[in-house]
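Just below is one structure, and these are the notes that go with it.
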Amino acid sequence: MQSEDDIKKVALEIIAGIAPEADVEHLDPSDRLRNQFDFDSVDFMNFAVGLEEQLNVNIPEEDYPKLATLNGCIAYLKAKIDR
Amino acid sequence: MGEFRMPSLGADMESGTLLEWRVKPGDRVKRRDIIAVVDTDKAAIEVEVYEDGVVEELLVKPGEKVPVGTVMAIIRSDADQPREAETKAVGAEQATTEAAPPRAQKKEPPAPPPESPAERVKASPYARRLAAEHGIDLKTLVPSGPHESICAADVKQAVEAAKAAGPEEPPPVAAPPRAEEAPAAAAPAPEEVSGWKDPEAMRRAIAKAMARSKREIPHYYLQTRVDMRRTLGWLESENRRRSIKDRLLPVVPLLKAVAMSLQEVPELNGYWIDDRHQPQEAINIGIAISLRQGGLIAPAILDADLLGVDELMAALRDLITRTRDGRLKSAEMTAATITVTNLGDLGVESVFGVIYPPQVALVGIGKTMEQPWAENGLLGVRPVMTASLSGDHRATDGLQGARFLDTLNRRLQEPSKL
């Protein structure tokens, strides 16, 4: 059972791994990650791969848009894990 | 005796700083081995050697900054190497031909005369070189190229087959580590030798290349709108049965379609050097990759036309990851024969790029977005992508550019053939 804080921590760690210079402390959780960290499609894919591996969930491609912001990401993954 | 010189790692490079040698005197090196790491205004680049031999003397010390073309090391060629003269010529030319990769620098052997002797095998220059590199006898290959000539793909196939069958001859006793392994084995921690330069130097380097492009290259620009419904539909069904790691990004079928279209319109793939149009057979697609700290760089996916979609995806991920980490190889920095810039991720509809000299074309990819689309008298909504071509009017005319975009469009309507 993972709390929203756990999910957030994992997500931020993955972002920091992809974009080491990213200021994750001051991330706006409701803004798109793409805007804040210049994520391109390959970065985004690496982000999704990281979430799948670390949280042991299955993320189909059609759900990618739900991962666009940190808030969206947490809500989506929480629902997935709790199911 | 071969001279290893400070290579030109881009149109904008005038000098470089040797960061480290990966070899020492007495070491045996093979073509494509990484023997040095050189710092440019843009990045630390692993530099490959283009001939086989033994390192005789290192002339430049780590930390020294020397102009492009400076002799940095003496490499004694193997006396019994039949390719000695050729590779030497490459090394010498490297110093004088700006920004051109080894492929471009090499004087292609003259085309066989129309009525060549029966025993002379018909093959493209690139196929000959590949065959020589891998020790494959052209006579043993089945030609699939035009006019029953052997093309690069035939040689690659033979190389793969030979690999699958296991090595035919034992590797040389003193074989150096393969290029891919060498850094890990010999290098200090990556942080010490890699990483990008400060944004100001990078900016100046880009400024120089782009100003040169706009000063020298008479650009022409074309664009076409492409219905992406079929390609995206194909991608969706492909990705549904793939694990997350193996999924293809939309840019992959685009790159594949670009590579295939260049086979049909080869004039756009190559260089303008010494007042001469020099189309290249190898299709090395430079990918414009932005760096988070600012600036951009366009390393190449080598032989993109010979890669399947899965291989292209893997190559793209690998290239982007290494670019961001500052771990590129010299061939990737210099060998691009065309560049693709994809600003679609950022939501722009179209991009008309500035050609990277000495290349003669640049393909721009915009965002795929739902648009009204009229076809057969009916109006519908389709995912539409705007593809553009910037062409060097010295090398090609709008006709070739238009043929390229038309071919690209057709390829994207038949995604299962990509």
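Letters A, B, ... go to the chains of the structure tokens in the order shown; residues in each chain start at 1; ligands are counted from 1 in the same order.
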
Tell me the residues of chain B close to chain A, meaning within 12 Å using only C-alpha atoms, as number ranges by chain.
-> B: 235-252, 288-294, 313-322, 324-325, 342-347, 367

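Backbone DSSP assigns helix (DSSP H, G or I) in region 23-53 of chain A to Val24, Glu25, His26, Leu33, Arg34, Asn35, Gln36, Phe37, Ser41, Val42, Asp43, Phe44, Met45, Asn46, Phe47, Ala48, Val49, Gly50, Leu51, Glu52 and Glu53 of chain A.
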
Can you pull out the residues contacting Lys80 (chain A)? Cut-off 12 Å, using only C-alpha atoms, and skip same-chain residues under 2 positions away; I want them as an mmCIF file with N, CA and C atoms, in the first residue's frame.
data_model
loop_
_atom_site.group_PDB
_atom_site.id
_atom_site.type_symbol
_atom_site.label_atom_id
_atom_site.label_comp_id
_atom_site.auth_asym_id
_atom_site.auth_seq_id
_atom_site.Cartn_x
_atom_site.Cartn_y
_atom_site.Cartn_z
ATOM 1 N N MET A 1 0.851 -1.202 0.000
ATOM 2 C CA MET A 1 0.000 0.000 0.000
ATOM 3 C C MET A 1 0.883 1.247 0.000
ATOM 4 N N GLN A 2 0.731 2.065 -1.021
ATOM 5 C CA GLN A 2 1.561 3.254 -1.089
ATOM 6 C C GLN A 2 0.720 4.515 -0.946
ATOM 7 N N GLU A 4 0.014 8.696 -1.162
ATOM 8 C CA GLU A 4 0.262 9.693 -2.205
ATOM 9 C C GLU A 4 1.656 10.280 -2.064
ATOM 10 N N ILE A 7 4.164 7.942 -3.638
ATOM 11 C CA ILE A 7 4.126 8.029 -5.104
ATOM 12 C C ILE A 7 4.834 9.297 -5.565
ATOM 13 N N LEU A 51 8.182 4.839 -13.790
ATOM 14 C CA LEU A 51 7.026 4.668 -12.905
ATOM 15 C C LEU A 51 6.568 3.204 -12.916
ATOM 16 N N GLU A 52 6.516 2.621 -14.114
ATOM 17 C CA GLU A 52 6.082 1.224 -14.207
ATOM 18 C C GLU A 52 6.988 0.316 -13.393
ATOM 19 N N LEU A 55 6.904 1.290 -9.383
ATOM 20 C CA LEU A 55 5.638 1.130 -8.662
ATOM 21 C C LEU A 55 4.921 -0.163 -9.039
ATOM 22 N N ASN A 56 5.540 -0.877 -9.996
ATOM 23 C CA ASN A 56 4.981 -2.161 -10.374
ATOM 24 C C ASN A 56 3.535 -2.050 -10.864
ATOM 25 N N VAL A 57 3.290 -1.062 -11.709
ATOM 26 C CA VAL A 57 1.958 -0.902 -12.303
ATOM 27 C C VAL A 57 2.099 -1.030 -13.810
ATOM 28 N N ASN A 58 0.982 -1.237 -14.478
ATOM 29 C CA ASN A 58 0.983 -1.321 -15.926
ATOM 30 C C ASN A 58 0.354 -0.045 -16.490
ATOM 31 N N ILE A 59 1.121 0.685 -17.272
ATOM 32 C CA ILE A 59 0.615 1.959 -17.796
ATOM 33 C C ILE A 59 0.431 1.853 -19.314
ATOM 34 N N PRO A 60 -0.808 1.661 -19.779
ATOM 35 C CA PRO A 60 -1.013 1.592 -21.229
ATOM 36 C C PRO A 60 -0.772 2.957 -21.873
ATOM 37 N N ASP A 63 -3.034 6.017 -21.589
ATOM 38 C CA ASP A 63 -3.117 6.739 -20.311
ATOM 39 C C ASP A 63 -2.001 7.774 -20.129
ATOM 40 N N LYS A 66 -2.601 11.262 -18.809
ATOM 41 C CA LYS A 66 -2.916 11.431 -17.385
ATOM 42 C C LYS A 66 -1.662 11.651 -16.538
ATOM 43 N N CYS A 73 -0.482 12.638 -12.212
ATOM 44 C CA CYS A 73 0.310 11.437 -12.056
ATOM 45 C C CYS A 73 -0.013 10.717 -10.749
ATOM 46 N N ILE A 74 -0.039 11.488 -9.668
ATOM 47 C CA ILE A 74 -0.290 10.906 -8.343
ATOM 48 C C ILE A 74 -1.701 10.319 -8.283
ATOM 49 N N ALA A 75 -2.675 11.077 -8.776
ATOM 50 C CA ALA A 75 -4.069 10.620 -8.731
ATOM 51 C C ALA A 75 -4.233 9.336 -9.546
ATOM 52 N N TYR A 76 -3.639 9.335 -10.741
ATOM 53 C CA TYR A 76 -3.772 8.179 -11.622
ATOM 54 C C TYR A 76 -3.119 6.937 -11.009
ATOM 55 N N LEU A 77 -1.910 7.122 -10.500
ATOM 56 C CA LEU A 77 -1.171 5.976 -9.983
ATOM 57 C C LEU A 77 -1.785 5.460 -8.679
ATOM 58 N N LYS A 78 -2.290 6.381 -7.851
ATOM 59 C CA LYS A 78 -2.930 5.987 -6.588
ATOM 60 C C LYS A 78 -4.134 5.089 -6.892
ATOM 61 N N ASP A 82 -4.351 1.176 -5.788
ATOM 62 C CA ASP A 82 -5.398 0.793 -4.832
ATOM 63 C C ASP A 82 -6.369 -0.225 -5.412
ATOM 64 N N ARG A 83 -6.410 -0.273 -6.752
ATOM 65 C CA ARG A 83 -7.430 -1.121 -7.374
ATOM 66 C C ARG A 83 -7.231 -2.598 -7.035
#

Just asking: which residues within region 183-404 of chain B are strand (DSSP E) according to DSSP, as a PyMOL selection string?
-> chain B and resi 219-227+270-273+276-279+285-287+289-290+296-297+300-301+328-329+338-342+361-365+369-375+378-392

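If you look at CA of Pro383 (chain B) and CA of Ile285 (chain B), they are 25.0 Å away from each other.
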
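Straight-line separation from CA of Thr334 (chain B) to CA of Met202 (chain B): 16.6 Å.
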
May I have the residues within 12 Å of Leu27 (chain A) as number ranges by chain, using only C-alpha atoms and disregarding those fewer than 5 positions away in the same chain?
-> A: 8, 11-12, 15-16, 22, 32-37, 69-71

Can you write just those residues out, N, CA and C atoms, as a PDB file, in the first residue's frame?
ATOM      1  N   LYS A   8       4.560  10.385  -4.851  1.00  0.00           N
ATOM      2  CA  LYS A   8       5.176  11.663  -5.208  1.00  0.00           C
ATOM      3  C   LYS A   8       6.705  11.559  -5.113  1.00  0.00           C
ATOM      4  N   ALA A  11       8.036   9.605  -8.041  1.00  0.00           N
ATOM      5  CA  ALA A  11       7.946  10.383  -9.284  1.00  0.00           C
ATOM      6  C   ALA A  11       9.039  11.449  -9.343  1.00  0.00           C
ATOM      7  N   LEU A  12       9.249  12.133  -8.226  1.00  0.00           N
ATOM      8  CA  LEU A  12      10.264  13.193  -8.207  1.00  0.00           C
ATOM      9  C   LEU A  12      11.669  12.628  -8.397  1.00  0.00           C
ATOM     10  N   ILE A  15      12.098  11.948 -12.059  1.00  0.00           N
ATOM     11  CA  ILE A  15      12.309  13.210 -12.788  1.00  0.00           C
ATOM     12  C   ILE A  15      13.744  13.696 -12.589  1.00  0.00           C
ATOM     13  N   ALA A  16      14.205  13.622 -11.353  1.00  0.00           N
ATOM     14  CA  ALA A  16      15.565  14.093 -11.060  1.00  0.00           C
ATOM     15  C   ALA A  16      16.598  13.245 -11.801  1.00  0.00           C
ATOM     16  N   ALA A  22      17.013  19.609 -12.837  1.00  0.00           N
ATOM     17  CA  ALA A  22      15.655  20.068 -12.558  1.00  0.00           C
ATOM     18  C   ALA A  22      15.507  20.471 -11.087  1.00  0.00           C
ATOM     19  N   ARG A  32       2.227  21.251 -16.459  1.00  0.00           N
ATOM     20  CA  ARG A  32       2.736  20.096 -17.199  1.00  0.00           C
ATOM     21  C   ARG A  32       4.244  19.952 -17.002  1.00  0.00           C
ATOM     22  N   LEU A  33       4.670  18.698 -16.783  1.00  0.00           N
ATOM     23  CA  LEU A  33       6.099  18.421 -16.594  1.00  0.00           C
ATOM     24  C   LEU A  33       6.877  18.864 -17.832  1.00  0.00           C
ATOM     25  N   ARG A  34       6.262  18.672 -18.974  1.00  0.00           N
ATOM     26  CA  ARG A  34       6.901  19.021 -20.238  1.00  0.00           C
ATOM     27  C   ARG A  34       7.296  20.501 -20.256  1.00  0.00           C
ATOM     28  N   ASN A  35       6.405  21.340 -19.739  1.00  0.00           N
ATOM     29  CA  ASN A  35       6.703  22.773 -19.725  1.00  0.00           C
ATOM     30  C   ASN A  35       7.799  23.111 -18.719  1.00  0.00           C
ATOM     31  N   GLN A  36       7.772  22.421 -17.598  1.00  0.00           N
ATOM     32  CA  GLN A  36       8.679  22.810 -16.519  1.00  0.00           C
ATOM     33  C   GLN A  36      10.089  22.290 -16.700  1.00  0.00           C
ATOM     34  N   PHE A  37      10.213  21.112 -17.329  1.00  0.00           N
ATOM     35  CA  PHE A  37      11.552  20.504 -17.418  1.00  0.00           C
ATOM     36  C   PHE A  37      11.991  20.261 -18.852  1.00  0.00           C
ATOM     37  N   THR A  69       0.913  16.012 -15.569  1.00  0.00           N
ATOM     38  CA  THR A  69       1.292  16.858 -14.425  1.00  0.00           C
ATOM     39  C   THR A  69       1.574  15.970 -13.211  1.00  0.00           C
ATOM     40  N   LEU A  70       2.254  16.501 -12.226  1.00  0.00           N
ATOM     41  CA  LEU A  70       2.552  15.691 -11.039  1.00  0.00           C
ATOM     42  C   LEU A  70       1.256  15.311 -10.311  1.00  0.00           C
ATOM     43  N   ASN A  71       0.336  16.258 -10.194  1.00  0.00           N
ATOM     44  CA  ASN A  71      -0.946  15.962  -9.541  1.00  0.00           C
ATOM     45  C   ASN A  71      -1.694  14.850 -10.270  1.00  0.00           C
TER      46      ASN A  71
END

Can you pull out every residue within 12 Å of Trp373 (chain B), counting only C-alpha atoms, but drop anything in the same chain fewer than 2 positions away, and send it as a compact mmCIF listing (two decimals) with N, CA, C and O atoms, in the first residue's frame?
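The result, stored in out_36.txt:
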# COMPACT_ATOMS: atom_id res chain seq x y z
N ARG B 225 1.17 19.00 -45.93
CA ARG B 225 0.41 18.48 -44.79
C ARG B 225 0.18 16.99 -45.00
O ARG B 225 -0.20 16.56 -46.08
N VAL B 226 0.41 16.21 -43.96
CA VAL B 226 0.33 14.75 -44.08
C VAL B 226 -0.78 14.23 -43.16
O VAL B 226 -0.80 14.55 -41.96
N ASP B 227 -1.68 13.44 -43.73
CA ASP B 227 -2.70 12.76 -42.94
C ASP B 227 -2.02 11.63 -42.17
O ASP B 227 -1.50 10.68 -42.77
N MET B 228 -2.02 11.72 -40.86
CA MET B 228 -1.28 10.75 -40.04
C MET B 228 -2.18 9.64 -39.49
O MET B 228 -1.74 8.86 -38.64
N ARG B 229 -3.44 9.58 -39.97
CA ARG B 229 -4.37 8.61 -39.38
C ARG B 229 -3.84 7.17 -39.49
O ARG B 229 -3.86 6.41 -38.54
N MET B 369 -1.83 17.43 -35.21
CA MET B 369 -3.03 17.92 -34.54
C MET B 369 -4.27 17.68 -35.38
O MET B 369 -4.20 17.58 -36.60
N GLU B 370 -5.39 17.56 -34.71
CA GLU B 370 -6.64 17.31 -35.42
C GLU B 370 -7.00 18.52 -36.26
O GLU B 370 -6.96 19.66 -35.79
N GLN B 371 -7.31 18.26 -37.52
CA GLN B 371 -7.60 19.34 -38.46
C GLN B 371 -8.76 18.90 -39.36
O GLN B 371 -8.92 17.71 -39.63
N GLU B 375 -11.45 15.15 -48.39
CA GLU B 375 -10.96 14.11 -49.27
C GLU B 375 -12.14 13.47 -49.98
O GLU B 375 -13.16 13.18 -49.36
N ASN B 376 -12.02 13.27 -51.28
CA ASN B 376 -13.10 12.69 -52.08
C ASN B 376 -14.42 13.42 -51.88
O ASN B 376 -15.48 12.80 -51.79
N GLY B 377 -14.35 14.73 -51.76
CA GLY B 377 -15.57 15.52 -51.64
C GLY B 377 -16.22 15.47 -50.27
O GLY B 377 -17.32 15.99 -50.09
N LEU B 378 -15.54 14.83 -49.32
CA LEU B 378 -16.10 14.75 -47.97
C LEU B 378 -15.19 15.48 -46.99
O LEU B 378 -13.97 15.47 -47.14
N LEU B 379 -15.81 16.08 -46.00
CA LEU B 379 -15.03 16.77 -44.98
C LEU B 379 -14.97 15.91 -43.72
O LEU B 379 -16.00 15.41 -43.26
N GLY B 380 -13.80 15.70 -43.20
CA GLY B 380 -13.66 14.92 -41.97
C GLY B 380 -12.63 15.56 -41.07
O GLY B 380 -12.09 16.61 -41.38
N VAL B 381 -12.37 14.91 -39.95
CA VAL B 381 -11.33 15.40 -39.03
C VAL B 381 -10.22 14.35 -38.98
O VAL B 381 -10.49 13.16 -38.81
N ARG B 382 -8.99 14.79 -39.19
CA ARG B 382 -7.86 13.85 -39.22
C ARG B 382 -6.71 14.41 -38.38
O ARG B 382 -6.57 15.62 -38.25
N PRO B 383 -5.88 13.50 -37.85
CA PRO B 383 -4.62 13.98 -37.26
C PRO B 383 -3.70 14.39 -38.41
O PRO B 383 -3.38 13.57 -39.27
N VAL B 384 -3.30 15.65 -38.41
CA VAL B 384 -2.51 16.16 -39.54
C VAL B 384 -1.16 16.67 -39.03
O VAL B 384 -1.09 17.36 -38.02
N MET B 385 -0.11 16.29 -39.76
CA MET B 385 1.25 16.73 -39.41
C MET B 385 1.80 17.52 -40.57
O MET B 385 1.64 17.13 -41.73

With only C-alpha atoms counted and 8 Å as the cut-off, give the residues of region 301-369 of chain B in contact with region 39-52 of chain B, each with its shortest interatomic distance in Å and the pair that gives it, as CSV.
residue,atom,partner,partner_atom,distance
B:Gly326,CA,B:Ala43,CA,6.4
B:Arg327,CA,B:Ile45,CA,6.7
B:Leu328,CA,B:Ile45,CA,5.6
B:Lys329,CA,B:Glu46,CA,4.6
B:Ser330,CA,B:Val47,CA,4.8
B:Ala331,CA,B:Glu48,CA,7.3

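The smallest atom-to-atom distance between Leu67 (chain A) and any of A:Phe47, A:Lys9, A:Ser3, A:Gln54, using only C-alpha atoms, is found for A:Phe47.
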
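One distance worth recording is that between CA of Pro279 (chain B) and CA of Pro266 (chain B), which is 6.7 Å.
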
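Of the residues under consideration (B:Thr407, B:Gln400, B:Thr368, B:Asn284), B:Thr407 shows the shortest atom-to-atom contact distance to Ser261 (chain B) when counting only C-alpha atoms.
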
Minimum-distance residue to Val55 (chain B), chosen among B:Val38, B:Ala73, B:Leu412, B:Ala300 (using only C-alpha atoms) = B:Ala73
